[in-house]
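Source file: entry-v1.cif (mmCIF, C-alpha atoms)
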data_start
#
loop_
_atom_site.label_atom_id
_atom_site.label_comp_id
_atom_site.auth_asym_id
_atom_site.auth_seq_id
_atom_site.Cartn_x
_atom_site.Cartn_y
_atom_site.Cartn_z
CA MET K 1029 -11.34 -3.95 -12.77
CA LYS K 1030 -7.95 -5.45 -13.48
CA SER K 1031 -7.29 -7.31 -16.72
CA VAL K 1032 -7.42 -11.08 -16.32
CA LEU K 1033 -3.78 -11.55 -17.29
CA PHE K 1034 -2.44 -8.37 -15.74
CA VAL K 1035 0.68 -10.00 -14.26
CA SER K 1036 1.57 -12.14 -17.25
CA ALA K 1037 1.03 -9.14 -19.50
CA LEU K 1038 4.34 -7.88 -18.14
CA VAL K 1039 5.97 -10.86 -19.81
CA LEU K 1040 4.28 -10.22 -23.12
CA ILE K 1041 5.23 -6.57 -23.27
CA PHE K 1042 8.88 -7.45 -23.66
CA THR K 1043 8.79 -10.82 -25.38
CA GLY K 1044 6.18 -10.56 -28.10
CA CYS K 1045 4.81 -14.01 -27.33
CA SER K 1046 1.16 -13.19 -27.90
CA THR K 1047 0.83 -15.94 -30.51
CA THR K 1048 1.97 -18.79 -28.30
CA THR K 1049 -0.32 -21.70 -27.62
CA PHE K 1050 -0.34 -20.82 -23.96
CA ILE K 1051 -1.65 -17.31 -24.55
CA LYS K 1052 -4.29 -18.49 -27.01
CA ASN K 1053 -5.57 -21.12 -24.60
CA ALA K 1054 -5.47 -18.69 -21.68
CA GLN K 1055 -7.50 -16.18 -23.66
CA ILE K 1056 -10.08 -18.79 -24.61
CA ASN K 1057 -10.43 -20.05 -21.05
CA SER K 1058 -10.59 -16.54 -19.64
CA ARG K 1059 -13.77 -15.64 -21.52
CA VAL K 1060 -16.12 -17.01 -18.89
CA TYR K 1061 -14.26 -15.08 -16.19
CA GLU K 1062 -14.12 -11.87 -18.21
CA LYS K 1063 -17.84 -12.06 -18.89
CA TYR K 1064 -18.52 -12.40 -15.16
CA GLN K 1065 -16.01 -9.70 -14.27
CA ASP K 1066 -17.48 -7.18 -16.71
CA SER K 1067 -21.13 -7.90 -15.91
CA SER K 1068 -23.29 -5.19 -14.36
CA SER K 1069 -24.17 -7.50 -11.47
CA THR K 1070 -20.49 -7.95 -10.55
CA GLU K 1071 -19.83 -4.23 -10.89
CA LYS K 1072 -22.79 -3.64 -8.58
CA LEU K 1073 -21.37 -6.02 -5.96
CA PHE K 1074 -18.07 -4.15 -5.94
CA SER K 1075 -19.74 -0.75 -5.72
CA GLU K 1076 -21.79 -2.01 -2.74
CA GLY K 1077 -18.65 -3.18 -0.96
CA LYS K 1078 -19.32 -6.86 -1.52
CA SER K 1079 -16.05 -7.83 -3.13
CA ASN K 1080 -15.90 -11.06 -1.12
CA ILE K 1081 -19.20 -12.17 -2.61
CA ALA K 1082 -18.03 -11.16 -6.08
CA ASN K 1083 -14.78 -13.09 -5.66
CA LYS K 1084 -16.62 -16.12 -4.34
CA GLY K 1085 -18.82 -16.09 -7.43
CA LEU K 1086 -15.72 -15.82 -9.60
CA MET K 1087 -14.14 -18.85 -7.96
CA GLN K 1088 -17.33 -20.89 -8.35
CA LEU K 1089 -17.85 -20.21 -12.06
CA VAL K 1090 -16.16 -23.51 -12.85
CA LYS K 1091 -16.65 -26.37 -10.40
CA ASP K 1092 -13.49 -27.47 -8.63
CA GLU K 1093 -13.62 -30.94 -10.16
CA ASN K 1094 -13.77 -29.36 -13.62
CA LYS K 1095 -11.06 -26.74 -13.18
CA SER K 1096 -8.15 -27.03 -15.60
CA PHE K 1097 -4.62 -25.70 -15.47
CA TYR K 1098 -5.83 -22.55 -17.22
CA ASP K 1099 -8.61 -21.99 -14.69
CA TYR K 1100 -6.12 -22.11 -11.84
CA PHE K 1101 -3.70 -19.82 -13.64
CA ILE K 1102 -6.35 -17.26 -14.58
CA LEU K 1103 -7.87 -17.22 -11.08
CA GLY K 1104 -4.40 -16.80 -9.59
CA ASN K 1105 -4.01 -13.70 -11.75
CA MET K 1106 -7.43 -12.21 -11.18
CA LEU K 1107 -7.30 -12.55 -7.42
CA PHE K 1108 -3.72 -11.35 -7.07
CA ILE K 1109 -4.79 -8.08 -5.42
CA SER K 1110 -8.29 -8.70 -4.09
CA ASN K 1111 -7.68 -12.10 -2.45
CA LYS K 1112 -3.97 -12.77 -1.95
CA GLU K 1113 -4.45 -16.07 -0.13
CA ALA K 1114 -6.69 -17.58 -2.80
CA SER K 1115 -4.41 -16.26 -5.54
CA TYR K 1116 -1.45 -18.03 -3.95
CA VAL K 1117 -3.35 -21.31 -3.65
CA TYR K 1118 -4.56 -21.23 -7.26
CA MET K 1119 -1.10 -20.51 -8.66
CA ARG K 1120 0.30 -23.38 -6.60
CA LYS K 1121 -2.33 -25.66 -8.16
CA ALA K 1122 -1.34 -24.44 -11.62
CA GLU K 1123 2.27 -25.23 -10.74
CA GLU K 1124 1.36 -28.76 -9.67
CA ILE K 1125 -0.04 -29.42 -13.15
CA GLU K 1126 2.59 -27.58 -15.22
CA PRO K 1127 5.66 -27.05 -13.01
CA ASN K 1128 7.88 -26.08 -15.93
CA ASN K 1129 5.54 -23.55 -17.52
CA PRO K 1130 7.59 -20.31 -17.66
CA PHE K 1131 4.55 -18.11 -17.00
CA VAL K 1132 3.78 -20.08 -13.86
CA ILE K 1133 7.41 -20.05 -12.76
CA TYR K 1134 7.52 -16.28 -13.09
CA GLU K 1135 4.32 -15.73 -11.15
CA ARG K 1136 5.33 -18.16 -8.42
CA GLY K 1137 8.43 -16.03 -8.02
CA ILE K 1138 6.29 -12.91 -7.66
CA HIS K 1139 4.07 -14.58 -5.04
CA GLU K 1140 7.03 -15.72 -2.94
CA HIS K 1141 8.73 -12.35 -3.36
CA ARG K 1142 5.66 -10.50 -2.13
CA LEU K 1143 5.59 -12.75 0.95
CA GLY K 1144 9.23 -11.97 1.74
CA ASN K 1145 10.45 -15.46 0.84
CA TYR K 1146 13.43 -14.09 -1.04
CA SER K 1147 15.40 -17.31 -1.40
CA LYS K 1148 12.43 -19.11 -2.95
CA ALA K 1149 11.61 -16.14 -5.15
CA ALA K 1150 15.20 -15.95 -6.41
CA GLU K 1151 15.14 -19.62 -7.40
CA TYR K 1152 11.96 -19.12 -9.42
CA TYR K 1153 13.39 -16.05 -11.17
CA LYS K 1154 16.58 -17.96 -12.03
CA ARG K 1155 14.51 -20.79 -13.51
CA PHE K 1156 12.47 -18.26 -15.47
CA HIS K 1157 15.65 -16.73 -16.89
CA LYS K 1158 16.63 -20.08 -18.34
CA THR K 1159 13.52 -20.02 -20.56
CA SER K 1160 13.29 -18.36 -23.96
CA ILE K 1161 10.74 -15.78 -22.76
CA GLY K 1162 12.54 -15.07 -19.51
CA LYS K 1163 16.17 -14.62 -20.45
CA ASN K 1164 15.72 -11.01 -21.61
CA HIS K 1165 12.86 -10.02 -19.31
CA PRO K 1166 13.95 -6.80 -17.53
CA ILE K 1167 11.38 -6.76 -14.73
CA SER K 1168 12.27 -10.22 -13.47
CA TRP K 1169 15.97 -9.32 -13.56
CA ALA K 1170 15.16 -6.27 -11.44
CA TYR K 1171 13.14 -8.45 -9.05
CA LEU K 1172 16.07 -10.86 -8.80
CA THR K 1173 18.41 -7.95 -8.07
CA HIS K 1174 16.33 -7.03 -5.03
CA CYS K 1175 16.35 -10.63 -3.79
CA ASN K 1176 20.12 -10.89 -4.29
CA LEU K 1177 20.69 -7.72 -2.27
CA VAL K 1178 18.57 -9.01 0.62
CA LEU K 1179 20.26 -12.41 0.48
CA GLY K 1180 23.77 -10.94 0.55
CA GLN K 1181 24.57 -11.98 -3.01
CA TYR K 1182 26.27 -8.71 -3.86
CA LYS K 1183 28.14 -9.63 -7.06
CA GLN K 1184 25.05 -11.42 -8.37
CA ALA K 1185 22.96 -8.35 -7.60
CA ILE K 1186 25.25 -6.16 -9.71
CA SER K 1187 25.16 -8.68 -12.54
CA SER K 1188 21.37 -9.13 -12.52
CA TRP K 1189 20.87 -5.36 -12.41
CA ALA K 1190 22.93 -4.92 -15.57
CA LYS K 1191 20.60 -7.36 -17.32
CA ALA K 1192 17.54 -5.40 -16.19
CA ASP K 1193 18.69 -2.57 -18.49
CA PHE K 1194 17.07 0.12 -16.37
CA HIS K 1195 17.81 2.97 -18.78
CA LYS K 1196 15.64 1.36 -21.42
CA HIS K 1197 12.90 -0.05 -19.18
CA HIS K 1198 12.87 2.28 -16.15
CA VAL K 1199 9.13 3.08 -16.28
CA ALA K 1200 8.06 -0.57 -16.49
CA ILE K 1201 10.52 -1.62 -13.77
CA GLU K 1202 9.44 1.10 -11.35
CA LYS K 1203 5.73 0.40 -11.90
CA ALA K 1204 6.34 -3.33 -11.44
CA MET K 1205 7.65 -2.76 -7.91
CA TYR K 1206 4.10 -1.88 -6.90
CA GLN K 1207 3.08 -5.52 -7.36
CA ILE K 1208 5.66 -6.61 -4.80
CA PHE K 1209 5.67 -3.83 -2.23
CA SER K 1210 2.22 -2.23 -2.23
CA THR K 1211 0.30 -2.78 0.99
CA PRO K 1212 -3.22 -1.31 0.89
CA ASP K 1213 -6.14 -3.73 0.77
CA GLN K 1214 -8.65 -1.11 -0.28
CA GLN K 1215 -11.57 -3.41 -1.02
CA THR K 1216 -11.37 -5.07 2.40
CA ILE K 1217 -11.09 -1.72 4.20
CA ARG K 1218 -14.03 -0.39 2.21
CA GLU K 1219 -16.14 -3.47 2.88
CA LYS K 1220 -15.53 -3.30 6.63
CA THR K 1221 -16.39 0.41 6.64
CA ILE K 1222 -19.71 -0.20 4.87
CA VAL K 1223 -20.60 -2.99 7.29
CA GLU K 1224 -19.98 -0.61 10.22
CA ILE K 1225 -22.26 1.98 8.63
CA GLU K 1226 -25.01 -0.55 8.01
CA ASN K 1227 -24.70 -1.61 11.64
CA GLY K 1228 -25.40 1.95 12.77
CA ASN K 1229 -22.01 3.69 12.90
CA THR K 1230 -22.89 6.50 10.50
CA SER K 1231 -19.78 8.48 11.45
CA GLN K 1232 -17.94 6.14 9.09
CA LEU K 1233 -19.71 7.71 6.11
CA CYS K 1234 -17.15 10.50 5.88
CA ASN K 1235 -14.34 7.94 6.15
CA LEU K 1236 -15.95 5.98 3.30
CA VAL K 1237 -16.14 9.06 1.08
CA GLN K 1238 -12.47 9.79 1.79
CA ILE K 1239 -11.52 6.24 0.74
CA ASP K 1240 -13.51 6.39 -2.49
CA SER K 1241 -12.33 9.90 -3.35
CA ASN K 1242 -8.68 8.83 -3.21
CA TRP K 1243 -8.67 5.37 -4.77
CA GLU K 1244 -5.14 4.10 -5.35
CA SER K 1245 -4.33 2.63 -8.76
CA ASP K 1246 -0.63 2.62 -8.04
CA TRP K 1247 1.80 4.71 -6.01
CA TRP K 1248 1.51 7.67 -8.36
CA ASN K 1249 -2.15 7.63 -9.36
CA TYR K 1250 -5.19 8.32 -7.20
CA SER K 1251 -8.68 9.08 -8.49
CA LYS K 1252 -12.31 9.29 -7.52
CA LYS K 1253 -14.37 6.10 -7.95
CA LYS K 1254 -17.58 7.59 -9.27
CA ASP K 1255 -19.70 4.43 -9.02
CA TYR K 1256 -18.47 3.87 -5.47
CA LEU K 1257 -19.18 7.49 -4.50
CA ASP K 1258 -22.67 7.27 -5.99
CA PHE K 1259 -23.31 4.29 -3.73
CA ASP K 1260 -21.86 6.18 -0.74
CA LEU K 1261 -24.33 9.03 -1.23
CA LYS K 1262 -27.27 6.63 -1.44
CA LEU K 1263 -26.03 4.90 1.69
CA ALA K 1264 -25.89 8.25 3.49
CA GLN K 1265 -29.38 9.13 2.29
CA ASN K 1266 -30.70 5.87 3.74
CA HIS K 1267 -28.98 6.21 7.12
CA LEU K 1268 -28.92 9.93 7.93
CA LYS K 1269 -31.98 11.85 9.02
CA PRO K 1270 -32.49 15.31 7.50
CA ALA K 1271 -31.83 18.41 9.60
CA THR K 1272 -29.62 16.60 12.11
CA THR K 1273 -26.07 17.40 13.25
CA GLU K 1274 -24.90 14.11 11.74
CA LYS K 1275 -26.32 15.08 8.37
CA GLU K 1276 -24.77 18.56 8.54
CA LEU K 1277 -21.38 17.09 9.45
CA PHE K 1278 -21.60 14.71 6.49
CA ASP K 1279 -22.53 17.59 4.18
CA LEU K 1280 -19.50 19.47 5.50
CA CYS K 1281 -17.38 16.43 4.72
CA LEU K 1282 -18.63 16.53 1.13
CA ASN K 1283 -18.46 20.27 0.53
CA SER K 1284 -15.67 21.67 2.71
CA GLU K 1285 -13.26 22.14 -0.21
CA LEU K 1286 -15.75 24.52 -1.85
CA MET K 1287 -16.07 26.72 1.25
CA SER K 1288 -14.03 29.77 2.12
CA ASP K 1289 -12.07 29.69 5.38
CA LYS K 1290 -14.52 32.18 6.88
CA ASP K 1291 -17.57 30.08 6.00
CA TYR K 1292 -15.79 26.92 7.10
CA MET K 1293 -15.00 28.32 10.54
CA SER K 1294 -18.54 29.66 10.88
CA LYS K 1295 -19.92 26.22 10.08
CA LEU K 1296 -17.65 24.53 12.61
CA GLU K 1297 -18.88 26.99 15.26
CA SER K 1298 -22.54 26.40 14.42
CA LEU K 1299 -21.99 22.64 14.70
CA GLY K 1300 -20.25 22.99 18.07
CA VAL K 1301 -16.91 21.76 16.75
CA TRP K 1302 -15.27 25.11 17.40
CA GLY K 1303 -16.35 28.07 19.50
CA ASN K 1304 -17.65 27.58 23.02
CA THR K 1305 -18.42 23.85 22.81
CA LYS K 1306 -15.45 22.35 20.95
CA VAL K 1307 -16.62 18.76 20.44
CA LEU K 1308 -14.88 16.84 17.67
CA PRO K 1309 -16.95 14.89 15.10
CA ALA K 1310 -17.01 11.12 15.43
CA SER K 1311 -15.40 10.61 12.02
CA SER K 1312 -11.61 10.30 12.32
CA ALA K 1313 -11.24 11.27 8.64
CA GLN K 1314 -13.16 14.46 9.30
CA VAL K 1315 -11.15 15.22 12.43
CA TYR K 1316 -7.96 14.83 10.38
CA ALA K 1317 -9.33 17.14 7.68
CA ILE K 1318 -10.36 19.77 10.24
CA ALA K 1319 -7.00 19.69 12.03
CA SER K 1320 -5.13 19.91 8.75
CA ARG K 1321 -7.11 22.87 7.41
CA LEU K 1322 -7.22 24.87 10.62
CA THR K 1323 -3.51 24.57 11.32
CA SER K 1324 -2.13 24.74 7.75
CA ASN K 1325 -4.25 27.81 6.93
CA LYS K 1326 -3.30 29.33 10.30
CA LEU K 1327 -6.92 29.64 11.34
CA VAL K 1328 -6.01 28.03 14.67
CA SER K 1329 -2.54 27.41 16.08
CA SER K 1330 -1.41 23.87 16.83
CA LYS K 1331 -1.06 24.91 20.46
CA ASP K 1332 -4.67 26.09 20.67
CA PHE K 1333 -5.98 23.08 18.77
CA LEU K 1334 -4.12 20.74 21.10
CA MET K 1335 -5.37 22.58 24.16
CA ALA K 1336 -8.95 22.29 22.93
CA TYR K 1337 -8.94 18.66 21.80
CA GLU K 1338 -6.03 16.73 23.32
CA GLU K 1339 -8.12 14.82 25.86
CA GLN K 1340 -10.79 14.02 23.26
CA LEU K 1341 -8.14 12.69 20.88
CA LYS K 1342 -6.51 10.59 23.60
CA ASP K 1343 -9.88 9.17 24.66
CA ARG K 1344 -10.66 8.35 21.05
CA LEU K 1345 -7.38 6.47 20.72
CA ILE K 1346 -8.21 4.43 23.83
CA LYS K 1347 -11.60 3.56 22.33
CA TYR K 1348 -10.18 2.89 18.85
CA PRO K 1349 -6.56 1.83 19.41
CA GLN K 1350 -5.88 1.18 15.72
CA ASP K 1351 -7.21 4.52 14.49
CA LYS K 1352 -4.37 5.87 12.35
CA LYS K 1353 -6.04 9.20 11.57
CA THR K 1354 -6.36 10.09 15.26
CA LEU K 1355 -2.81 8.96 15.85
CA ASP K 1356 -1.58 11.12 12.96
CA VAL K 1357 -3.33 14.21 14.34
CA LEU K 1358 -1.81 13.76 17.78
CA ALA K 1359 1.66 13.08 16.34
CA PHE K 1360 1.50 16.19 14.17
CA LEU K 1361 0.36 18.40 17.03
CA TYR K 1362 2.98 17.14 19.48
CA SER K 1363 5.67 17.58 16.85
CA ASP K 1364 4.51 21.06 15.88
CA VAL K 1365 4.40 22.34 19.44
CA GLY K 1366 7.73 20.69 20.25
CA ASP K 1367 6.50 18.29 22.95
CA THR K 1368 9.19 15.66 22.45
CA ILE K 1369 8.18 13.56 25.45
CA LYS K 1370 4.60 13.05 24.28
CA LEU K 1371 5.75 12.64 20.68
CA LYS K 1372 8.10 9.84 21.74
CA HIS K 1373 5.21 8.07 23.49
CA ILE K 1374 2.99 8.43 20.42
CA ASP K 1375 5.77 7.26 18.10
CA GLU K 1376 6.36 4.17 20.22
CA TYR K 1377 2.62 3.44 20.28
CA GLY K 1378 2.29 3.91 16.53
CA TRP K 1379 5.26 1.64 15.90
CA LYS K 1380 4.74 -1.17 18.39
CA THR K 1381 0.95 -1.21 18.79
CA VAL K 1382 -0.37 -0.11 15.40
CA HIS K 1383 2.70 -1.36 13.48
CA LEU K 1384 3.22 1.76 11.37
CA GLU K 1385 6.68 2.16 9.90
CA GLU K 1386 6.65 5.96 9.76
CA TYR K 1387 6.27 5.97 13.54
CA ALA K 1388 9.28 3.68 13.93
CA VAL K 1389 11.27 6.13 11.80
CA SER K 1390 10.11 9.08 13.88
CA TYR K 1391 10.96 7.23 17.10
CA LEU K 1392 14.53 6.59 15.87
CA MET K 1393 14.90 10.15 14.61
CA GLY K 1394 14.10 11.33 18.12
CA MET K 1395 16.91 9.24 19.65
CA ASP K 1396 20.50 10.28 20.17
CA ILE K 1397 22.69 8.18 17.87
CA ASN K 1398 25.08 7.73 20.81
CA ASP K 1399 22.35 6.38 23.10
CA SER K 1400 23.37 2.96 24.42
CA ASN K 1401 20.00 1.56 23.25
CA TYR K 1402 20.18 3.10 19.77
CA ASP K 1403 21.70 0.11 17.93
CA ASN K 1404 19.29 -2.42 19.42
CA THR K 1405 16.31 -0.13 18.77
CA LEU K 1406 17.40 0.44 15.17
CA ASN K 1407 17.87 -3.28 14.58
CA GLU K 1408 14.43 -3.96 16.03
CA ALA K 1409 12.85 -1.38 13.76
CA ILE K 1410 14.62 -2.76 10.67
CA SER K 1411 13.50 -6.26 11.63
CA ASP K 1412 9.91 -4.99 11.71
CA PHE K 1413 10.22 -2.92 8.52
CA PRO K 1414 13.09 -4.30 6.41
CA ASN K 1415 12.04 -2.42 3.27
CA ASN K 1416 11.95 1.04 4.83
CA ALA K 1417 14.46 3.34 3.13
CA SER K 1418 14.71 5.81 6.04
CA LEU K 1419 15.58 3.08 8.55
CA SER K 1420 18.09 1.57 6.13
CA LYS K 1421 19.69 4.99 5.73
CA LEU K 1422 20.05 5.32 9.51
CA PHE K 1423 21.70 1.88 9.56
CA LEU K 1424 24.03 2.95 6.76
CA ILE K 1425 25.02 6.14 8.58
CA LYS K 1426 25.79 4.12 11.70
CA ASN K 1427 27.76 1.40 9.92
CA ILE K 1428 29.36 3.00 6.86
CA ALA K 1429 32.85 2.72 8.32
CA GLY K 1430 32.45 -0.49 10.32
CA THR K 1431 32.47 -4.21 9.73
CA ASN K 1432 28.82 -4.11 8.65
CA ARG K 1433 29.57 -1.72 5.82
CA LYS K 1434 28.62 -4.07 2.97
CA LEU K 1435 25.48 -5.19 4.77
CA ALA K 1436 24.49 -1.57 5.33
CA LEU K 1437 25.07 -0.68 1.68
CA ALA K 1438 23.06 -3.70 0.51
CA ARG K 1439 20.19 -2.95 2.88
CA TYR K 1440 20.04 0.65 1.72
CA GLY K 1441 20.14 -0.39 -1.93
CA ALA K 1442 17.45 -3.04 -1.42
CA SER K 1443 15.19 -0.60 0.40
CA GLN K 1444 15.14 1.68 -2.63
CA PHE K 1445 13.25 -0.94 -4.65
CA ALA K 1446 10.34 -0.51 -2.25
CA ASN K 1447 10.86 3.25 -2.25
CA VAL K 1448 10.49 3.95 -5.99
CA LYS K 1449 7.20 5.68 -5.24
CA ASN K 1450 9.25 8.59 -3.87
CA HIS K 1451 11.93 8.65 -6.57
CA LEU K 1452 9.76 10.80 -8.82
CA TYR K 1453 10.17 13.63 -6.32
CA GLU K 1454 13.79 12.95 -5.42
CA LYS K 1455 17.14 13.44 -7.12
CA PHE K 1456 18.04 9.77 -7.57
CA ARG K 1457 16.45 6.75 -9.25
CA LEU K 1458 17.12 3.03 -8.81
CA ASN K 1459 19.98 3.08 -11.29
CA ASP K 1460 21.76 5.75 -9.29
CA TYR K 1461 21.54 3.73 -6.10
CA MET K 1462 22.70 0.55 -7.83
CA TYR K 1463 25.61 2.40 -9.45
CA GLY K 1464 26.67 3.76 -6.08
CA PHE K 1465 26.32 0.31 -4.55
CA SER K 1466 28.48 -1.31 -7.23
CA GLN K 1467 31.18 1.35 -6.86
CA GLU K 1468 31.32 0.93 -3.10
CA ILE K 1469 31.27 -2.85 -3.17
CA ASN K 1470 34.10 -3.00 -5.73
CA LYS K 1471 36.41 -0.74 -3.69
#
Please rewrite the model in this file as structure tokens.
Amino acid sequence: MKSVLFVSALVLIFTGCSTTTFIKNAQINSRVYEKYQDSSSTEKLFSEGKSNIANKGLMQLVKDENKSFYDYFILGNMLFISNKEASYVYMRKAEEIEPNNPFVIYERGIHEHRLGNYSKAAEYYKRFHKTSIGKNHPISWAYLTHCNLVLGQYKQAISSWAKADFHKHHVAIEKAMYQIFSTPDQQTIREKTIVEIENGNTSQLCNLVQIDSNWESDWWNYSKKKDYLDFDLKLAQNHLKPATTEKELFDLCLNSELMSDKDYMSKLESLGVWGNTKVLPASSAQVYAIASRLTSNKLVSSKDFLMAYEEQLKDRLIKYPQDKKTLDVLAFLYSDVGDTIKLKHIDEYGWKTVHLEEYAVSYLMGMDINDSNYDNTLNEAISDFPNNASLSKLFLIKNIAGTNRKLALARYGASQFANVKNHLYEKFRLNDYMYGFSQEINK
């Protein structure tokens, strides 16, 4: 569970305002919500994939006619991840009551920023910086820098970045970008998966286990959700009959990491996945795991795997057109065997039908930069995924010496704010990109 004041806590870390009247009143008013949030009944609802019911109960703890400014503010915080729409509405209501409250101003900026309303977000951040708790707040200065880059305010971007003082606050700034640019709605995905299982689609059990075994806390931290996994196993017990192929496939899903390659292959053969039959399991997560292990461990070549399963994978994609795991398997196989024609088709499908940015990148990477359609295609991709660092880099390469040079530099710099999740494994950090940007702009 997230702390009630998890967004505003960012303010407190750097201002030391924990004794203010606002904080005291917020803490007092939050008690009823914290009690509900930490109760075993609420925890049970979340573990059972009933986050919507839990959130509804949260919102109904205080009747609407009795809700105060603090109720709206606290609910806006608590629902920031699990119910973005409600969070936005509640923070707007808090703003209506106290429009000049610096905590509200800051969070309104975050909400607008997350929605891509950069001009509105920038105005809120500027107002926040005029307050005593906002003038030296590094995260909001970093947020404003991103907005300035997107809005073409290049000099202002350089100035606001200096005030962020990245060298001193780099960890907090990088972690704060997750609030703006993270995309997964894990609770909703999990809830939908459980509903499918309860409606009879037991193949989703393996998918559910995969979700709960790799729960994202932020871009750098994934862990197993033990209470969720305990529920998953009970759900499987209630829906799978013993001594059936479905049950054996689910057991394989649970235990495959503990098996040797020899035992794993033998099990796949006995289940008819490999060998003479070669029928893929219904679970897309399991198919992805099988394809990954067999090809990466060189148990089966990509060519042989594709020959055995291509039609099944294509049929599955027709039946489930938004199935990313199936799409990923096909894309990997086509790329690995060098089938550029089929890969281009899959990339276009992944980009324009499933709206996946990595497929737009792959599609552009497969084009000749001198193709007459390259510029229009690149612009279309950037329009769809403006925060993608790879697409912005392609735009920079194309325009570094032209009239769009400054725009290209700004786009590339801005895209790095959404790309900090990869900076841990790369040579450069945000400060390096902003330094390079400032040097180029001042030439």
message: One number please: atom CA of Glu1219 of chain K to atom CA of Lys1254 of chain K, in Å, one decimal.
response: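 These two atoms are separated by 16.5 Å.
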- prompt: Which polymer residues have any atom within 10 Å of an atom of Met1293 of chain K, counting only C-alpha atoms, with same-chain residues fewer than 4 positions away left out, as an MDAnalysis selection string?
  reply: chainID K and resid 1287:1289 1297:1299 1301:1303 1318 1322 1327:1328
task: Name the residues captured by the PyMOL selection byres ((chain K and resi 1252) around 9) when it is applied to the shown file; answer as an MDAnalysis selection string.
output: chainID K and resid 1239:1243 1250:1251 1253:1257
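The gap separating atom CA of Ser1075 of chain K from atom CA of Val1237 of chain K is 12.5 Å, in Å to one decimal.
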- prompt: Leaving out segment 1334-1338 of chain K and any residue of its chain fewer than 3 positions from it, which residues lie within 8 Å of it when counting all atoms listed in the file, given as a list in words?
  reply: Lys1306, Val1307, Leu1308, Ser1330, Lys1331, Leu1341, Lys1342, Leu1358 and Leu1361 of chain K
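The space separating atom CA of Ala1264 of chain K from atom CA of Glu1076 of chain K comes to 12.7 Å.
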Just so I have it separately, write segment 1346-1386 of chain K from the block I sent, keeping C-alpha atoms, as a PDB file, in the first residue's frame.
ATOM      1  CA  ILE K1346      -6.129 -13.030 -34.821  1.00  0.00           C
ATOM      2  CA  LYS K1347      -8.158 -14.352 -31.883  1.00  0.00           C
ATOM      3  CA  TYR K1348      -6.488 -12.031 -29.346  1.00  0.00           C
ATOM      4  CA  PRO K1349      -5.354  -8.983 -31.347  1.00  0.00           C
ATOM      5  CA  GLN K1350      -4.020  -7.128 -28.304  1.00  0.00           C
ATOM      6  CA  ASP K1351      -1.922 -10.016 -26.981  1.00  0.00           C
ATOM      7  CA  LYS K1352       1.515  -8.461 -26.497  1.00  0.00           C
ATOM      8  CA  LYS K1353       3.236 -11.690 -25.433  1.00  0.00           C
ATOM      9  CA  THR K1354       2.277 -13.460 -28.659  1.00  0.00           C
ATOM     10  CA  LEU K1355       3.311 -10.420 -30.652  1.00  0.00           C
ATOM     11  CA  ASP K1356       6.673 -10.327 -28.872  1.00  0.00           C
ATOM     12  CA  VAL K1357       7.352 -13.990 -29.658  1.00  0.00           C
ATOM     13  CA  LEU K1358       6.603 -13.536 -33.345  1.00  0.00           C
ATOM     14  CA  ALA K1359       8.676 -10.338 -33.536  1.00  0.00           C
ATOM     15  CA  PHE K1360      11.653 -12.029 -31.877  1.00  0.00           C
ATOM     16  CA  LEU K1361      11.479 -15.056 -34.153  1.00  0.00           C
ATOM     17  CA  TYR K1362      11.166 -13.037 -37.364  1.00  0.00           C
ATOM     18  CA  SER K1363      14.050 -10.833 -36.271  1.00  0.00           C
ATOM     19  CA  ASP K1364      16.244 -13.768 -35.274  1.00  0.00           C
ATOM     20  CA  VAL K1365      15.742 -15.640 -38.533  1.00  0.00           C
ATOM     21  CA  GLY K1366      16.185 -12.446 -40.555  1.00  0.00           C
ATOM     22  CA  ASP K1367      12.715 -12.329 -42.139  1.00  0.00           C
ATOM     23  CA  THR K1368      12.588  -8.561 -42.606  1.00  0.00           C
ATOM     24  CA  ILE K1369       9.344  -8.576 -44.593  1.00  0.00           C
ATOM     25  CA  LYS K1370       7.341 -10.362 -41.899  1.00  0.00           C
ATOM     26  CA  LEU K1371       9.080  -8.373 -39.167  1.00  0.00           C
ATOM     27  CA  LYS K1372       8.035  -5.125 -40.850  1.00  0.00           C
ATOM     28  CA  HIS K1373       4.418  -6.315 -40.914  1.00  0.00           C
ATOM     29  CA  ILE K1374       4.558  -7.286 -37.237  1.00  0.00           C
ATOM     30  CA  ASP K1375       6.223  -4.001 -36.297  1.00  0.00           C
ATOM     31  CA  GLU K1376       3.539  -2.019 -38.095  1.00  0.00           C
ATOM     32  CA  TYR K1377       0.814  -4.079 -36.400  1.00  0.00           C
ATOM     33  CA  GLY K1378       2.392  -3.659 -32.973  1.00  0.00           C
ATOM     34  CA  TRP K1379       2.725   0.077 -33.494  1.00  0.00           C
ATOM     35  CA  LYS K1380      -0.546   1.021 -35.158  1.00  0.00           C
ATOM     36  CA  THR K1381      -2.930  -1.634 -33.818  1.00  0.00           C
ATOM     37  CA  VAL K1382      -1.611  -2.417 -30.337  1.00  0.00           C
ATOM     38  CA  HIS K1383       0.009   1.026 -29.866  1.00  0.00           C
ATOM     39  CA  LEU K1384       3.360  -0.224 -28.569  1.00  0.00           C
ATOM     40  CA  GLU K1385       6.215   2.234 -28.859  1.00  0.00           C
ATOM     41  CA  GLU K1386       8.986  -0.369 -29.132  1.00  0.00           C
TER      42      GLU K1386
END
